[in-house]
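Structure record follows, encoded as structure tokens.
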Amino acid sequence: MKSRYDVVIVGSGAGGGTVAARLAPLVAQGKSVLVLERGPRFEDHEFTGREIEMAGALYADGGGFLTADGAMTLAFARGYGGTTIVYTGTSLVAPERVIAAWNVPGLDHADLAARSRRYLGENNVAPLPPELLNDNNRLFVEGAQAAGFHAEQFPLNLKGCRGSSLCNLGCPNAAKQGTNRVQLPNAERQGVTVISRAEVLGIGERRLSVRVHPRPAGGKGLESEWPPGDWSIDADMIVLAAGAIGTPTLLLRSAPAGLPSRVGEGFTAHPALILVAEHPREISNDVGHPKSFYLDRGAEEGYVLETCMYFPFVTAKNLTGFGPEHSVLMRAFPRLQMILVLACDQAVAGNRITVTAEGEPVVHYRFTPAVIESLARATRTSARIFFGAGAVRVHAPLANPPLIEARDRGRLDELIHRRHFAAGTVSISSAHLMGGCGMGRSAANSVTDGWGRVHGVPWLRVADASLFPNALEINPYVTIMALADRVSDGILGDLTAGQ
Amino acid sequence: MPEPVAFLSHPAFRAAAAAFVPELAVASPETWRLLIATVDVAVADRAARLRRQLGGFLRLLDLAARVRFAKPLHRLDLDIRIAFLRSFERAPVALLRRGVWGLRTLVFLGYYTQPTVIASLGYRASAAGWSR
């Protein structure tokens, strides 16, 4: 076991996995590359699709990580492959208007798009063939058309999808081409060392304090490759790719000399509502890929709609209220159509990550009036799509009462309104966590430059969604990989120049 | 077997749970056992502060029921209990709304993850997917 590496990467998700694969050829040149992943390595047979079991094994706080005021649930995974284990594999290239608005010196859309396309190829990205689309997705397309919109099909990174509908609990058929299936095995074949169950407690100048955890009794995943205990590791270069919560937390907790003061700021999340509608007949909803179509209204109205299908508990949690009405809707499960609403939020002062005295993350997030209005607009459009697809009633959390019958479809503007939003009654969640180490010109307005170099800290890079200076307004994993690819180029250039 | 987190043994917890999920009013002891065990694991993994908040909120609900109806929460008729909890769910004070949200989320976690329950809903997702 070595205690010094040329490069140490913290995290193995879309960012860390990409950097690991890009730097892997260095191993043949005598360099050493180490990846430290906080979560375990799972074996294929451990992806059972059982909601409580998998949520507990894969997600931080079992998927119930809350913002400081308890008003939004944040979902992020820990394990070999990070959150790529649990995403749905939707593979979109960043919109040109968003990258232009980011205004990061040296970062242009053409470069990011070219890098993104490389990963679309590497990850086997393609749209699903029509025969594998289920009713839940087809009804979205039909409903959108009836409502005057054109839904687009998601490109997906799948190989041998059997339509389990269990993407968010880890694919039980190893079909989803996350970093756990593509980049990390590729890196390991070339000699990169990946250590699981390795929690980075802190970083100092070219040094990491690491705690390797034992496999808990009865827990999922393999034992760590290293013995449990505390380790000190030296590294010429440290690349943080622990995600938009993990990376700022580690930096704030460690506070290495020269760290820019804006770490943790600029957090965005695409706050999401899960909307549900009931059809008069059973539809195929929980078989087939859950997320095959979307409607991008980001530029025009500040939201994106996506097809989705969730598990019973997540569904129950996201319906407002409780009691007999709630129970009746749950009992209609085989007749339910679902749409995920994503609000395109903007980085604002106060929405940020801090740490407690013990170094634990605290996510401060306030719903701005613009976000609440986006959610209301998106809910109205979704209701039109649901009714256009033939639904008999729609559950709209921003209506009071939330159940809207088909006979009231002409009153949606009146019934669904932002005045019905009250934090604590509407279940809002996020799986697109962004910002906290935003790119920019200098430490005065950012944390990193356009190549992920932390301003003023030459041995430290960032390569994950915390780089985003503002929300991406689409599903982020391809852009994370493209940015991590750029960060890797920078590292390779610097290492070569240093030889 | 260790005792569950204290507030789960409070009669107000079962009373609130049966208001959130009406099926629990006639649920089997095994359903209740699984629910309590699941919630127990979920809250045991969380910060002690959260457990204290949930326990405190449950006691507050019970006290408020005693003040308003001269009965503890578990002695209220189901309809009255539901209406009473809804008044907290819609309270102008965010902390009270979030208390109901947190409690009902835990009950849903304990109930809607049980294999027999999700089978009864008609939930069918499995690894076999289209080929089942």
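By order of appearance in the structure tokens: chains A, B, ..., then residues from 1 within every chain, and ligands from 1 in the order shown.
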Closest pair table for chain B residues within 10 Å of chain A, only C-alpha atoms, as a Markdown table:
| residue | atom | partner | partner_atom | distance |
| --- | --- | --- | --- | --- |
| B:Ala17 | CA | A:Gly323 | CA | 9.5 |
| B:Ala18 | CA | A:Gly323 | CA | 8.3 |
| B:Ala19 | CA | A:Gly323 | CA | 5.7 |
| B:Phe20 | CA | A:Gly323 | CA | 4.7 |
| B:Val21 | CA | A:Gly323 | CA | 5.5 |
| B:Pro22 | CA | A:Gly323 | CA | 5.9 |
| B:Glu23 | CA | A:Ser327 | CA | 8.1 |
| B:Thr38 | CA | A:Ile52 | CA | 8.6 |
| B:Val41 | CA | A:Gly56 | CA | 9.9 |
| B:Ala42 | CA | A:Gly62 | CA | 7.9 |
| B:Val43 | CA | A:Asp61 | CA | 9.8 |
| B:Asp45 | CA | A:Asp61 | CA | 7.5 |
| B:Arg46 | CA | A:Asp61 | CA | 7.3 |
| B:Leu78 | CA | A:Gly323 | CA | 9.6 |
| B:Asp79 | CA | A:Gly323 | CA | 9.3 |
| B:Ile82 | CA | A:Gly323 | CA | 6.8 |
| B:Ala83 | CA | A:Gly323 | CA | 9.6 |
| B:Leu85 | CA | A:Phe322 | CA | 9.4 |
| B:Arg86 | CA | A:Gly321 | CA | 7.8 |
| B:Glu89 | CA | A:Thr425 | CA | 6.7 |
| B:Arg90 | CA | A:Thr425 | CA | 7.4 |
| B:Ala91 | CA | A:Thr425 | CA | 9.7 |
| B:Pro92 | CA | A:Ala422 | CA | 9.0 |
| B:Val93 | CA | A:Gly424 | CA | 9.7 |
| B:Ala94 | CA | A:Gly424 | CA | 6.4 |
| B:Leu95 | CA | A:Gly424 | CA | 7.9 |
| B:Leu96 | CA | A:Gly424 | CA | 8.5 |
| B:Arg97 | CA | A:Gly424 | CA | 5.3 |
| B:Arg98 | CA | A:Gly424 | CA | 4.6 |
| B:Gly99 | CA | A:Gly424 | CA | 8.2 |
| B:Val100 | CA | A:Gly424 | CA | 8.3 |
| B:Trp101 | CA | A:Gly424 | CA | 6.3 |
| B:Gly102 | CA | A:Gly424 | CA | 8.7 |
| B:Arg104 | CA | A:Phe322 | CA | 7.5 |
| B:Thr105 | CA | A:Lys317 | CA | 5.8 |
| B:Leu106 | CA | A:Lys317 | CA | 9.0 |
| B:Val107 | CA | A:Lys317 | CA | 9.6 |
| B:Phe108 | CA | A:Phe313 | CA | 6.2 |
| B:Leu109 | CA | A:Phe313 | CA | 5.8 |
| B:Gly110 | CA | A:Phe313 | CA | 8.7 |
| B:Tyr111 | CA | A:Phe313 | CA | 8.0 |
| B:Tyr112 | CA | A:Phe313 | CA | 5.0 |
| B:Thr113 | CA | A:Phe313 | CA | 6.0 |
| B:Gln114 | CA | A:Ile52 | CA | 8.9 |
| B:Pro115 | CA | A:Arg50 | CA | 8.8 |
| B:Val117 | CA | A:Pro312 | CA | 9.3 |
| B:Ile118 | CA | A:Pro312 | CA | 6.7 |
| B:Ser120 | CA | A:Arg331 | CA | 8.1 |
| B:Leu121 | CA | A:Arg331 | CA | 5.2 |
| B:Gly122 | CA | A:Pro334 | CA | 6.0 |
| B:Tyr123 | CA | A:Pro334 | CA | 6.7 |
| B:Arg124 | CA | A:Asp286 | CA | 6.2 |
| B:Ala125 | CA | A:Asp286 | CA | 5.1 |
| B:Ser126 | CA | A:Ser164 | CA | 5.3 |
| B:Ala127 | CA | A:Ser164 | CA | 4.8 |
| B:Ala128 | CA | A:Ser164 | CA | 6.1 |
| B:Gly129 | CA | A:Ser164 | CA | 3.9 |
| B:Trp130 | CA | A:Gly163 | CA | 5.7 |
| B:Ser131 | CA | A:Arg162 | CA | 7.3 |
| B:Arg132 | CA | A:Val287 | CA | 9.4 |
Task: Contacts of Arg51 in chain B within 9 Å, only C-alpha atoms, excl. fewer than 5 positions in-chain, as number ranges by chain - done: B: 5-7, 43-44, 46, 56
Include N, CA and C atoms and write out the residues we just selected as a tab-separated table (two decimals), in the first residue's frame.
chain	number	residue	atom	x	y	z
B	5	VAL	N	-37.00	3.78	19.03
B	5	VAL	CA	-36.89	5.19	19.40
B	5	VAL	C	-38.14	5.59	20.18
B	6	ALA	N	-37.93	6.34	21.27
B	6	ALA	CA	-38.99	6.54	22.27
B	6	ALA	C	-40.32	7.00	21.68
B	7	PHE	N	-40.30	7.97	20.76
B	7	PHE	CA	-41.59	8.53	20.34
B	7	PHE	C	-42.44	7.53	19.57
B	43	VAL	N	-35.04	6.66	11.59
B	43	VAL	CA	-34.74	7.80	12.48
B	43	VAL	C	-33.47	7.54	13.31
B	44	ALA	N	-33.17	6.26	13.55
B	44	ALA	CA	-31.95	5.96	14.31
B	44	ALA	C	-30.72	6.42	13.54
B	46	ARG	N	-30.54	9.07	11.76
B	46	ARG	CA	-30.52	10.52	11.66
B	46	ARG	C	-29.96	11.16	12.92
B	56	GLY	N	-40.78	15.74	20.15
B	56	GLY	CA	-41.38	16.96	20.70
B	56	GLY	C	-42.64	17.35	19.95
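Those residues that approach Ser292 in chain A to within 7 Å, counting only C-alpha atoms, are A:Asn137, A:Gln153, A:Phe154, A:Thr307; same-chain residues fewer than 4 positions away are not listed.
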- [ ] Going by DSSP on the backbone, which bits of range 2-132 of chain B are alpha helix (DSSP H)? Write them as a ChimeraX atom specification, please.
- [x] /B:11-20,29-44,48-69,78-89,94-111,115-121
Could you write those residues out with C-alpha atoms, as a CSV table (one decimal), in the first residue's frame?
chain,number,residue,atom,x,y,z
B,11,PRO,CA,-49.9,6.2,21.6
B,12,ALA,CA,-50.0,9.5,19.6
B,13,PHE,CA,-47.7,8.0,17.0
B,14,ARG,CA,-50.1,5.2,16.1
B,15,ALA,CA,-53.0,7.6,16.3
B,16,ALA,CA,-51.4,10.0,13.8
B,17,ALA,CA,-50.2,7.1,11.6
B,18,ALA,CA,-53.7,5.7,11.3
B,19,ALA,CA,-54.9,9.2,10.3
B,20,PHE,CA,-52.3,9.5,7.6
B,29,PRO,CA,-49.9,-6.6,14.1
B,30,GLU,CA,-47.3,-7.7,11.6
B,31,THR,CA,-48.0,-4.6,9.4
B,32,TRP,CA,-47.6,-2.4,12.5
B,33,ARG,CA,-44.4,-4.3,13.6
B,34,LEU,CA,-42.8,-3.8,10.2
B,35,LEU,CA,-43.9,-0.1,10.1
B,36,ILE,CA,-42.4,0.6,13.5
B,37,ALA,CA,-39.2,-1.3,12.7
B,38,THR,CA,-38.7,0.6,9.4
B,39,VAL,CA,-39.3,4.0,10.9
B,40,ASP,CA,-37.0,3.1,13.9
B,41,VAL,CA,-34.1,2.3,11.6
B,42,ALA,CA,-34.7,5.4,9.5
B,43,VAL,CA,-34.7,7.8,12.5
B,44,ALA,CA,-32.0,6.0,14.3
B,48,ALA,CA,-30.3,13.1,17.6
B,49,ARG,CA,-31.7,16.6,17.1
B,50,LEU,CA,-34.2,15.3,14.4
B,51,ARG,CA,-35.3,12.6,16.8
B,52,ARG,CA,-35.9,15.1,19.5
B,53,GLN,CA,-37.8,17.4,17.2
B,54,LEU,CA,-40.1,14.6,16.0
B,55,GLY,CA,-40.7,13.4,19.6
B,56,GLY,CA,-41.4,17.0,20.7
B,57,PHE,CA,-43.8,17.6,17.8
B,58,LEU,CA,-45.7,14.4,18.7
B,59,ARG,CA,-46.1,15.5,22.3
B,60,LEU,CA,-47.2,18.9,21.1
B,61,LEU,CA,-49.9,17.3,18.9
B,62,ASP,CA,-51.1,15.3,21.9
B,63,LEU,CA,-51.1,18.2,24.2
B,64,ALA,CA,-53.0,20.4,21.7
B,65,ALA,CA,-55.6,17.6,21.3
B,66,ARG,CA,-56.0,17.5,25.1
B,67,VAL,CA,-56.5,21.3,25.2
B,68,ARG,CA,-58.9,21.5,22.3
B,69,PHE,CA,-60.9,18.3,22.8
B,78,LEU,CA,-60.7,9.2,13.0
B,79,ASP,CA,-62.5,11.9,11.1
B,80,ILE,CA,-61.8,14.5,13.9
B,81,ARG,CA,-58.2,13.3,14.1
B,82,ILE,CA,-57.7,13.8,10.4
B,83,ALA,CA,-59.2,17.3,10.5
B,84,PHE,CA,-57.1,18.1,13.5
B,85,LEU,CA,-53.9,17.1,11.8
B,86,ARG,CA,-54.9,18.9,8.7
B,87,SER,CA,-55.2,22.1,10.7
B,88,PHE,CA,-51.5,21.6,11.6
B,89,GLU,CA,-50.6,20.8,8.1
B,94,ALA,CA,-43.9,26.7,8.9
B,95,LEU,CA,-42.4,24.6,11.8
B,96,LEU,CA,-45.9,23.1,12.4
B,97,ARG,CA,-46.4,22.3,8.7
B,98,ARG,CA,-43.0,20.7,8.5
B,99,GLY,CA,-43.7,18.6,11.6
B,100,VAL,CA,-46.8,17.1,10.0
B,101,TRP,CA,-44.8,16.6,6.7
B,102,GLY,CA,-42.0,14.9,8.5
B,103,LEU,CA,-44.3,12.6,10.5
B,104,ARG,CA,-46.4,11.6,7.6
B,105,THR,CA,-43.3,10.9,5.5
B,106,LEU,CA,-42.0,8.5,8.1
B,107,VAL,CA,-45.4,6.7,8.3
B,108,PHE,CA,-45.5,6.5,4.5
B,109,LEU,CA,-41.9,5.1,4.6
B,110,GLY,CA,-42.9,2.5,7.1
B,111,TYR,CA,-46.1,1.5,5.2
B,115,PRO,CA,-44.0,-6.0,0.2
B,116,THR,CA,-47.6,-7.0,0.9
B,117,VAL,CA,-48.7,-3.4,0.7
B,118,ILE,CA,-47.0,-2.6,-2.6
B,119,ALA,CA,-48.3,-5.8,-4.1
B,120,SER,CA,-51.8,-4.8,-3.0
B,121,LEU,CA,-51.4,-1.5,-4.9
Open item on the list: Among range 155-370 of chain A, which ones does DSSP assign to strand (DSSP E or B) (computed from the backbone)? Answer as a PyMOL selection string.
Closed with: chain A and resi 156-158+176+193-195+198-204+207-212+229-240+268+272-278+293-297+303-307+336-343+352-355+361-364
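Proximity to Gly452 in chain A at 6 Å, evaluated using only C-alpha atoms and with sequence-adjacent residues fewer than 4 positions away removed, yields Thr448, Arg461, Val462 and Val487 of chain A.
The gap separating CA of Pro129 in chain A from CA of Gln183 in chain A is 25.4 Å, in Å to one decimal.
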Open item on the list: Here is a test: counting only C-alpha atoms, which residue of A:Thr84, A:Ala349, A:Ala257, A:Ile372 is nearest to Ile428 in chain A?
Closed with: A:Ile372
Open item on the list: Need the shell around Gly106 in chain A: protein/DNA/RNA residues with any atom at most 10 Å away, counting only C-alpha atoms. Skip same-chain ones fewer than 4 positions apart. Format as a ChimeraX atom specification?
Closed with: /A:111,440-441,449-451
Emit the selected residues as an mmCIF file, in the first residue's frame, including C-alpha atoms.
data_model
loop_
_atom_site.group_PDB
_atom_site.id
_atom_site.type_symbol
_atom_site.label_atom_id
_atom_site.label_comp_id
_atom_site.auth_asym_id
_atom_site.auth_seq_id
_atom_site.Cartn_x
_atom_site.Cartn_y
_atom_site.Cartn_z
ATOM 1 C CA ASP A 111 -15.553 22.875 -26.947
ATOM 2 C CA GLY A 440 -15.008 32.319 -13.148
ATOM 3 C CA ARG A 441 -12.318 34.869 -13.738
ATOM 4 C CA ASP A 449 -11.041 28.887 -13.336
ATOM 5 C CA GLY A 450 -12.420 27.418 -16.548
ATOM 6 C CA TRP A 451 -10.134 24.387 -16.171
#
TODO: Name the closest residue to Tyr294 in chain A among the candidates A:Ala144, A:Val8, A:Ala389, A:Val27; distances are taken between atoms, counting only C-alpha atoms.
DONE: A:Ala144
Open item on the list: Would you compute the distance between CA of Thr90 in chain A and CA of Leu133 in chain A? Give it in Å to one decimal.
Closed with: 14.5 Å
Open item on the list: When you look at range 258-272 of chain A with a cut-off of 6 Å (counting only C-alpha atoms), what residues show up, excluding the ones that are within fewer than 3 positions of it in the same chain? I need them as a PyMOL selection string.
Closed with: chain A and resi 248+341-345+347+351-353+428-430+432-437+443+447+456+471
I need the chosen residues saved as a compact mmCIF listing (two decimals), in the first residue's frame, with N, CA and C atoms.
# COMPACT_ATOMS: atom_id res chain seq x y z
N PRO A 248 -17.70 21.17 -1.85
CA PRO A 248 -17.63 22.39 -1.01
C PRO A 248 -17.49 22.07 0.48
N VAL A 341 -41.47 17.81 -12.85
CA VAL A 341 -41.29 19.23 -13.17
C VAL A 341 -39.96 19.70 -12.59
N LEU A 342 -39.12 20.30 -13.41
CA LEU A 342 -37.86 20.87 -12.91
C LEU A 342 -37.91 22.38 -13.11
N ALA A 343 -37.74 23.13 -12.04
CA ALA A 343 -37.67 24.59 -12.17
C ALA A 343 -36.22 24.97 -12.46
N CYS A 344 -36.05 25.87 -13.42
CA CYS A 344 -34.70 26.35 -13.74
C CYS A 344 -34.38 27.51 -12.78
N ASP A 345 -33.78 27.16 -11.65
CA ASP A 345 -33.47 28.20 -10.67
C ASP A 345 -32.18 28.92 -11.04
N ALA A 347 -28.63 31.03 -9.44
CA ALA A 347 -27.80 31.23 -8.25
C ALA A 347 -28.16 32.57 -7.62
N ASN A 351 -28.34 31.12 -1.08
CA ASN A 351 -28.47 29.70 -1.40
C ASN A 351 -27.06 29.13 -1.49
N ARG A 352 -26.66 28.44 -0.45
CA ARG A 352 -25.25 28.07 -0.35
C ARG A 352 -25.06 26.90 0.60
N ILE A 353 -23.85 26.38 0.61
CA ILE A 353 -23.50 25.29 1.50
C ILE A 353 -22.57 25.82 2.57
N ILE A 428 -40.93 18.93 -2.29
CA ILE A 428 -40.02 19.35 -3.36
C ILE A 428 -38.72 18.60 -3.17
N SER A 429 -38.19 18.10 -4.26
CA SER A 429 -36.95 17.34 -4.17
C SER A 429 -35.99 17.81 -5.25
N SER A 430 -34.76 17.37 -5.14
CA SER A 430 -33.77 17.71 -6.16
C SER A 430 -32.76 16.58 -6.29
N HIS A 432 -30.48 17.24 -9.01
CA HIS A 432 -29.50 17.96 -9.83
C HIS A 432 -28.83 19.02 -8.95
N LEU A 433 -27.81 18.62 -8.24
CA LEU A 433 -27.16 19.51 -7.29
C LEU A 433 -25.97 20.15 -7.98
N MET A 434 -25.93 21.48 -7.98
CA MET A 434 -24.94 22.20 -8.80
C MET A 434 -24.38 23.39 -8.03
N GLY A 435 -23.14 23.73 -8.34
CA GLY A 435 -22.52 24.94 -7.82
C GLY A 435 -21.82 24.73 -6.49
N GLY A 436 -21.28 25.81 -5.97
CA GLY A 436 -20.54 25.76 -4.71
C GLY A 436 -19.05 25.98 -4.91
N CYS A 437 -18.55 25.68 -6.11
CA CYS A 437 -17.14 25.95 -6.46
C CYS A 437 -17.13 26.51 -7.88
N ALA A 443 -10.66 34.90 -7.89
CA ALA A 443 -11.19 34.54 -6.58
C ALA A 443 -12.21 35.56 -6.08
N VAL A 447 -14.59 30.39 -7.56
CA VAL A 447 -13.68 29.52 -6.79
C VAL A 447 -12.63 28.90 -7.70
N GLY A 456 -5.60 30.29 -6.65
CA GLY A 456 -4.64 30.49 -5.56
C GLY A 456 -4.16 29.23 -4.89
N ALA A 471 -27.22 27.35 -12.69
CA ALA A 471 -27.93 26.12 -13.06
C ALA A 471 -27.72 25.80 -14.55
